[in-house]
Each structure stands twice: as C-alpha cells, then as structure tokens.
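Asks: Pasting in a structure now, in structure tokens, and then I'll have a few things to ask.
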Amino acid sequence: MIRQLLAALTCGLALALPAGAGSDIAPSSIQLIVNRSDDNVDIYLTLPASEIADLFGSEQNLWATEDGRVDLNQFQVDTAPLGDAIIEPVKVTVDGQPVIAEAISVMMHEMTVSVPFDAPWDAILAVTLCSVPITNPTPAVSEVQAYLGYNLYEINGLGEISLSPTSFAQSRT
C-alpha cells in the first residue's frame with residue numbers, strides 16, 4: 001500500500017519494501033516531494049519520527065534516547081551525518097544501478113509546530129530550518145515530526161528510482 005501511494009505521488013519513484021515491511025505505517029502519515037533535474041534528484045520526506053525505523057530499517061537510537069525522547073537541541077547544526085546513518089540500510093538505485101543518497105539534512109520538529117511541506121522550496125526549508133519555536137526541548141518520539149532530505153547526483157535525473165531497505169528483513173525478523 002505504501003509502495004503504491006509513494007509511486008503514484010512521485011511519478012517514477014518506487015519504494016520497494018519487503019513483504020510486511022512498514023505495514024504499521026499509515027500511508028497518509030508520509031509526505032514525499034521529489035525535485036528532479038537532468039542529472040540529479042532531491043528527495044524529501046516528512047513522517048512521524050516514530051515511523052522512521054519501520055520505513056528505513058534504521059535504529060531509533062540514532063535520533064532518540066533510550067527512554068524514547070528526542071533532544072531537539074541536537075538538530076541545530078550538522079544533521080547530515082544523522083541523515084546518512086538513517087538511510088544507510090536502504091539500497092537506492094536509479095535505472096537499476098546502485099547510487100548513493102547523500103543526506104542534505106534532517107530536522108525534527110514538534111508536531112504542534114506547523115511547517116509547510118507542499119513544494120520543493122517548502123521541503124528544503126523544512127529540512128534545514130532549525131529556528132522554529134521549541135516549547136518542549138525533549139518531547140517523546142511520538143510527538144515529533146521528522147523532515148529528511150537526500151540528494152542523488154550524477155545520475156539520470158529522469159530515471160526510475162527505487163529505495164529498498166536492504167537490512168529490514170534481517171534486522172526485523
């Protein structure tokens with residue numbers, strides 16, 4: 001269901017999940033924006049932070065504490081390494097050839113803060129904007145919306161893109 005929704009939204013971007021992967025994620029909770037040019041693609045996603053591990057196959061302890069809280073102050077600077085770690089379990093291909101998805105940035109915002117996410121310009125601001133009001137500096141993961149941005153470059157920007165969590169089956173069974 002997620003695969004069909006995301007493929008329809010992105011005109012050629014397919015999210016290939018193994019059977020059962022991400023089955024607890026409501027498709028309406030994920031928004032995806034793809035910005036293409038001839039030789040690169042920017043992919044932006046927003047979803048509840050509590051759903052990142054299920055969608056990407058990465059571990060929640062990358063962005064949350066052991067007691068399930070997110071320190072929003074950690075998202076003030078240099079979040080690209082976190083974005084790279086989150087997408088590490090995902091195999092990204094363009095026209096069937098493996099490519100690297102390089103993180104632009106990752107932001108976590110309280111769900112009570114409205115961050116526009118309707119067009120590529122909104123998406124780049126959402127993943128880089130670290131000056132939104134913070135009413136609770138350590139909210140629960142369930143109270144946080146994640147904004148992730150990735151760049152695929154030196155590729156056929158108009159080619160078919162596939163994202164597939166390669167470690168999902170091994171780490172979640």
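In the structure tokens, chains take the letters A, B, ... in the order shown, each chain's residues start at 1, and ligands count up from 1 in the order shown.
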Skip Asp118 (chain A) itself and residues of its chain fewer than 3 positions away, then list as an MDAnalysis selection string all residues within 10 Å of it, counting only C-alpha atoms.
Replies: chainID A and resid 31:33 115 121:123
Asks: For CA of Gln145 (chain A) and CA of Lys91 (chain A), determine how far apart the two atoms are, in Å to one decimal place.
Replies: 23.7 Å
Asks: Between A:Gly157, A:Pro165, A:Pro120, A:Gly96, which residue has the minimum interatomic distance to Val34 (chain A), considering only C-alpha atoms?
Replies: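 Checking each candidate against Val34 (chain A), we get A:Pro120 as the closest.
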Asks: Extract, using only C-alpha atoms, all DNA, RNA and protein residues at most 10 Å from Gln76 (chain A), discarding same-chain residues fewer than 6 positions from it, and format them as a ChimeraX atom specification.
Replies: /A:106-108,128-131
Asks: Using only C-alpha atoms, which of the listed residues (A:Ile161, A:Ile43, A:Val144, A:Leu62) sits closest to Gln97 (chain A)?
Replies: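 The answer is A:Ile161, which sits nearest to Gln97 (chain A).
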Asks: Could you name the residues that touch Ile100 (chain A) at 9 Å or less, counting only C-alpha atoms, but leaving out those on the same chain fewer than 5 positions away, as a PyMOL selection string?
Replies: chain A and resi 91-93+151-153
Asks: DSSP on the backbone, alpha helix (DSSP H) only: what residues of region 3-171 of chain A does that give? Format it as a ChimeraX atom specification.
Replies: /A:3-10,52-56,80-87,120-128,168-171
Asks: Which is closer to Ser50 (chain A) than all the others in A:Ser114, A:Glu154, A:Val70, A:Ser162, using only C-alpha atoms?
Replies: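 Closest to Ser50 (chain A), using only C-alpha atoms: A:Val70.
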